[in-house]
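Enquirer: Take this structure, written in structure tokens, and hold onto it; I'll ask about it next.
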Amino acid sequence: MHWQTRRFRIDLSRPRVMGIVNVTPDSFSDGGRHDDDLAAIAHCERLVAEGADLLDIGGESTRPGAPHVDADSEWTRIEKVLAAAVTLGVPVSVDTYKPEVMRRALEAGADIINDVQALQLPGALAAVAGSGAGVCLMHMRGEPASMMDLAEYGDVVAEVAAFLVQRAQAARESGVPAEAIALDPGYGFAKNGEHNLRLLAGQRRLAELGYPLLVGWSRKRTLGDITGRPVDQRLPASLAAALKAVSLGAKVLRVHDVAATVDALKVWAAIDAATIPATA
Ligand code: HH2
């Protein structure tokens with residue numbers, strides 16, 4: 001399996017690590033830490049040195065209740081960081097749901113558009129179609145400010161699967177090639193802890209929809225609820241969720257803690273390589 005992006009065809013025969021670069025004052029776990037250009041660029045370089053296979057740059061927090069940022073301000077936050085990131089030799093994704101930011105990011109050389117709204121805003125499909133960019137289509141409901149009011153499901157796995165299939169189809173009908181599409185269950189977006197866990201437990205079904213699955217569990221609230229840990233102490237919990245997600249078909253892990261995740265995947269791969277296949 002591969003993920004076709006603008007400059008890179010990403011081989012997904014092993015799980016890949018996408019390092020998060022939030023150029024925001026208010027992201028839920030690292031807001032304000034990389035919100036000047038030089039700090040954010042240094043962070044990109046550090047994540048690549050730690051083994052990130054991809055970078056994901058965002059200029060607006062999507063945490064529950066986050067305030068809206070207009071397209072110009074969002075672009076101003078990420079412009080210089082993106083320009084530096086695309087020189088680092090790894091595919092660079094931009095985390096945005098705004099068509100105007102998508103267009104500018106693609107002009108500036110972004111390889112992937114990561115859209116938490118799954119290209120639903122008017123103009124979003126047109127902004128990416130024909131660009132050659134990879135896209136990540138994520139499930140959520142409503143907007144960050146109101147999404148937790150919409151966290152009601154009968155069968156969360158079936159409902160998320162149906163939405164993702166429909167969005168992938170819409171992208172393909174607009175001219176996005178199938179091999180450029182990745183899907184994301186959207187852990188934590190319009191979902192409570194129980195929804196997130198049921199979705200992970202049933203994730204195999206999402207991995208079998210015919211597109212690579214990208215997942216983001218890193219430091220999220222459900223992990224804090226289970227462990228009682230604040231956001232800066234959720235690394236072990238994040239690794240456990242990430243590895244479970246890999247065991248259930250995830251191909252790309254969107255994480256804050258790249259070095260630790262790379263180590264965990266190395267151990268996983270070494271065990272896999274030493275496993276003697278069962279004989280009939
Ligand atoms: N999670 C966040 C943001 N973007 N994109 C995808 N595809 N999947 C995710 O799970 C996902 C995402 C939230 O995490 P973070 O970027 O750390 O926080 P914030 O939105 O507050 O900047």
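Labels for the structure tokens follow display order: chains A, B, ..., residues from 1 in each chain, ligands from 1.
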Run DSSP on the backbone of this structure and report the residues of range 111-255 of chain A it assigns to alpha helix (DSSP H), as a ChimeraX atom specification.
Expert: /A:124-128,156-173,193-201,203-207,221-227,235-247
Enquirer: Which residues form the shell of 6 Å around ligand 1 when you count only C-alpha atoms and all ligand atoms, given as a list in words?
Expert: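 Residues satisfying the distance criterion: Asn22, Ser27, Phe28, Ser29, Ser61, Thr62, Arg63, Asn114, Val116, Met138, Asp184, Gly186, Tyr187, Val215 and Gly216 of chain A.
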Enquirer: What does the file look like for those residues with all heavy atoms, as a compact mmCIF listing (two decimals), in the first residue's frame?
Expert:
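Final output, saved to out-v5.txt:
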# COMPACT_ATOMS: atom_id res chain seq x y z
N ASN A 22 2.51 22.50 15.66
CA ASN A 22 1.41 23.46 15.87
C ASN A 22 1.98 24.86 16.04
O ASN A 22 2.64 25.15 17.03
CB ASN A 22 0.62 23.08 17.13
CG ASN A 22 -0.30 21.90 16.90
OD1 ASN A 22 -0.90 21.77 15.83
ND2 ASN A 22 -0.43 21.03 17.89
N SER A 27 -2.91 25.53 21.07
CA SER A 27 -3.18 24.10 20.87
C SER A 27 -3.25 23.39 22.22
O SER A 27 -2.62 23.82 23.19
CB SER A 27 -2.10 23.47 20.00
OG SER A 27 -2.31 23.86 18.67
N PHE A 28 -4.00 22.28 22.27
CA PHE A 28 -4.33 21.73 23.59
C PHE A 28 -3.12 21.22 24.35
O PHE A 28 -3.10 21.26 25.58
CB PHE A 28 -5.42 20.66 23.47
CG PHE A 28 -4.92 19.29 23.05
CD1 PHE A 28 -4.59 18.34 24.00
CD2 PHE A 28 -4.79 18.98 21.72
CE1 PHE A 28 -4.14 17.08 23.63
CE2 PHE A 28 -4.34 17.72 21.33
CZ PHE A 28 -4.01 16.77 22.29
N SER A 29 -2.09 20.74 23.66
CA SER A 29 -0.98 20.18 24.43
C SER A 29 0.31 20.96 24.27
O SER A 29 1.19 20.87 25.12
CB SER A 29 -0.74 18.72 24.04
OG SER A 29 0.03 18.65 22.87
N SER A 61 -5.83 25.98 16.19
CA SER A 61 -6.16 24.86 17.08
C SER A 61 -7.56 24.34 16.77
O SER A 61 -8.47 25.11 16.47
CB SER A 61 -6.12 25.32 18.54
OG SER A 61 -6.60 24.27 19.36
N THR A 62 -7.71 23.01 16.85
CA THR A 62 -9.03 22.40 16.66
C THR A 62 -9.53 21.78 17.95
O THR A 62 -10.43 20.95 17.94
CB THR A 62 -8.97 21.32 15.56
OG1 THR A 62 -7.90 20.42 15.88
CG2 THR A 62 -8.75 21.93 14.20
N ARG A 63 -8.90 22.17 19.08
CA ARG A 63 -9.37 21.60 20.36
C ARG A 63 -10.82 22.05 20.59
O ARG A 63 -11.24 23.10 20.07
CB ARG A 63 -8.46 22.05 21.50
CG ARG A 63 -8.64 23.48 21.89
CD ARG A 63 -7.60 23.97 22.87
NE ARG A 63 -7.45 25.40 22.72
CZ ARG A 63 -8.32 26.31 23.15
NH1 ARG A 63 -9.41 25.93 23.78
NH2 ARG A 63 -8.12 27.59 22.94
N ASN A 114 -4.28 18.09 5.10
CA ASN A 114 -4.91 17.32 6.16
C ASN A 114 -6.10 18.13 6.65
O ASN A 114 -5.95 19.16 7.29
CB ASN A 114 -3.89 17.12 7.30
CG ASN A 114 -4.54 16.56 8.55
OD1 ASN A 114 -5.56 15.86 8.50
ND2 ASN A 114 -3.94 16.85 9.70
N VAL A 116 -9.53 18.38 8.77
CA VAL A 116 -10.40 17.80 9.80
C VAL A 116 -11.88 17.89 9.40
O VAL A 116 -12.73 17.27 10.04
CB VAL A 116 -10.18 18.46 11.19
CG1 VAL A 116 -8.74 18.23 11.66
CG2 VAL A 116 -10.52 19.93 11.18
N MET A 138 -10.78 13.52 7.43
CA MET A 138 -11.06 13.11 8.81
C MET A 138 -12.53 13.25 9.14
O MET A 138 -13.21 14.15 8.65
CB MET A 138 -10.23 13.98 9.76
CG MET A 138 -10.13 13.39 11.16
SD MET A 138 -9.53 14.59 12.38
CE MET A 138 -11.06 15.47 12.69
N ASP A 184 -9.22 9.17 8.21
CA ASP A 184 -8.89 9.32 9.62
C ASP A 184 -10.19 9.28 10.43
O ASP A 184 -11.11 10.06 10.15
CB ASP A 184 -8.17 10.66 9.81
CG ASP A 184 -7.67 10.89 11.23
OD1 ASP A 184 -8.25 10.32 12.17
OD2 ASP A 184 -6.71 11.66 11.39
N GLY A 186 -10.78 10.42 13.26
CA GLY A 186 -11.00 11.66 14.00
C GLY A 186 -11.21 11.43 15.49
O GLY A 186 -12.19 11.91 16.08
N TYR A 187 -10.29 10.72 16.10
CA TYR A 187 -10.40 10.46 17.55
C TYR A 187 -10.47 11.78 18.31
O TYR A 187 -9.66 12.69 18.08
CB TYR A 187 -9.21 9.62 18.04
CG TYR A 187 -9.26 8.21 17.49
CD1 TYR A 187 -8.33 7.76 16.57
CD2 TYR A 187 -10.29 7.35 17.88
CE1 TYR A 187 -8.39 6.46 16.05
CE2 TYR A 187 -10.36 6.06 17.37
CZ TYR A 187 -9.42 5.63 16.46
OH TYR A 187 -9.50 4.35 15.96
N VAL A 215 -4.12 8.03 12.02
CA VAL A 215 -4.82 8.22 13.30
C VAL A 215 -4.05 9.17 14.21
O VAL A 215 -2.82 9.21 14.19
CB VAL A 215 -5.05 6.89 14.05
CG1 VAL A 215 -5.86 5.92 13.21
CG2 VAL A 215 -3.76 6.27 14.52
N GLY A 216 -4.80 9.90 15.01
CA GLY A 216 -4.21 10.81 15.98
C GLY A 216 -4.75 10.54 17.38
O GLY A 216 -5.89 10.89 17.68
Enquirer: Could you tell me how far CA of Val255 in chain A lies from CA of Val21 in chain A, in Å and to one decimal?
Expert: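 So the two atoms, CA of Val255 in chain A and CA of Val21 in chain A, lie 9.4 Å apart.
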Enquirer: Which one of A:Ala207, A:Ala161, A:Leu235, A:Ala124 sits closest to Val258 in chain A if you count only C-alpha atoms?
Expert: A:Leu235
Enquirer: Neighbours of range 163-179 of chain A within 12 Å (only C-alpha atoms; same-chain residues fewer than 5 positions away dropped), as a VMD selection string?
Expert: chain A and resid 1 to 6 9 to 12 112 to 113 115 to 121 123 to 141 156 to 158 184 to 186 205 to 213
Enquirer: Work out how far CA of His195 in chain A is from CA of Ala162 in chain A, in Å to one decimal.
Expert: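 Answer for the CA of Ala162 in chain A to CA of His195 in chain A separation: 15.7 Å.
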Enquirer: Would you please work out which residue, of A:Val160, A:Ile271, A:Leu243, A:Ala260, is nearest to Ala52 in chain A when using only C-alpha atoms?
Expert: A:Ala260
Enquirer: For Ala182 in chain A, which residue out of A:His256, A:Arg14, A:Lys266, A:Lys251 is the nearest one, using only C-alpha atoms?
Expert: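 The closest residue to Ala182 in chain A is A:Lys251.
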Enquirer: Going by DSSP on the backbone, which residues of range 108-174 of chain A come out as strand (DSSP E)? List them as a PyMOL selection string.
Expert: chain A and resi 112-115+134-138
Enquirer: As an exercise, work out the distance from CA of Gly65 in chain A to CA of Arg77 in chain A in Å and give it to one decimal place.
Expert: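 CA of Arg77 in chain A lies at a distance of 19.9 Å from CA of Gly65 in chain A.
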Enquirer: Would you pick out the contacts of His68 in chain A at 10 Å or less, using only C-alpha atoms, so that residues sharing its chain but fewer than 4 positions from it are not included, and give the list as a list in words?
Expert: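 Result of the neighbour search: Glu60, Ser61, Thr62, Glu74, Glu143, Pro144 and Ala145 of chain A.
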Enquirer: Give me the residues near Asp225 in chain A as a ChimeraX atom specification, where near means some atom within 12 Å (using only C-alpha atoms) and where sequence neighbours in that chain fewer than 6 positions away do not count.
Expert: /A:192-194,196-197,219,231,234,237
Enquirer: Can you spit out the residues from that selection as a CSV table (one decimal), in the first residue's frame, using N, CA, C and O atoms?
Expert:
chain,number,residue,atom,x,y,z
A,192,ASN,N,-17.1,11.3,22.5
A,192,ASN,CA,-16.6,11.2,23.9
A,192,ASN,C,-15.7,10.0,24.1
A,192,ASN,O,-15.4,9.3,23.2
A,193,GLY,N,-15.3,9.8,25.4
A,193,GLY,CA,-14.3,8.8,25.6
A,193,GLY,C,-14.8,7.4,25.2
A,193,GLY,O,-14.0,6.6,24.5
A,194,GLU,N,-16.0,7.1,25.5
A,194,GLU,CA,-16.6,5.8,25.1
A,194,GLU,C,-16.6,5.6,23.6
A,194,GLU,O,-16.3,4.6,23.0
A,196,ASN,N,-14.6,7.1,21.4
A,196,ASN,CA,-13.3,7.0,20.9
A,196,ASN,C,-12.8,5.5,21.1
A,196,ASN,O,-12.1,4.9,20.2
A,197,LEU,N,-13.1,4.9,22.3
A,197,LEU,CA,-12.6,3.6,22.6
A,197,LEU,C,-13.3,2.5,21.7
A,197,LEU,O,-12.7,1.6,21.2
A,219,ARG,N,-1.7,12.3,23.1
A,219,ARG,CA,-1.9,13.1,24.3
A,219,ARG,C,-3.4,13.5,24.5
A,219,ARG,O,-3.7,14.4,25.3
A,231,VAL,N,-1.9,16.6,30.4
A,231,VAL,CA,-1.5,16.5,29.0
A,231,VAL,C,0.0,16.2,28.9
A,231,VAL,O,0.4,15.5,27.9
A,234,ARG,N,1.2,12.2,29.2
A,234,ARG,CA,0.4,11.2,28.5
A,234,ARG,C,1.2,10.4,27.5
A,234,ARG,O,0.6,9.8,26.6
A,237,ALA,N,0.6,6.5,27.7
A,237,ALA,CA,-0.8,6.2,27.2
A,237,ALA,C,-0.9,6.4,25.7
A,237,ALA,O,-1.6,5.6,25.0
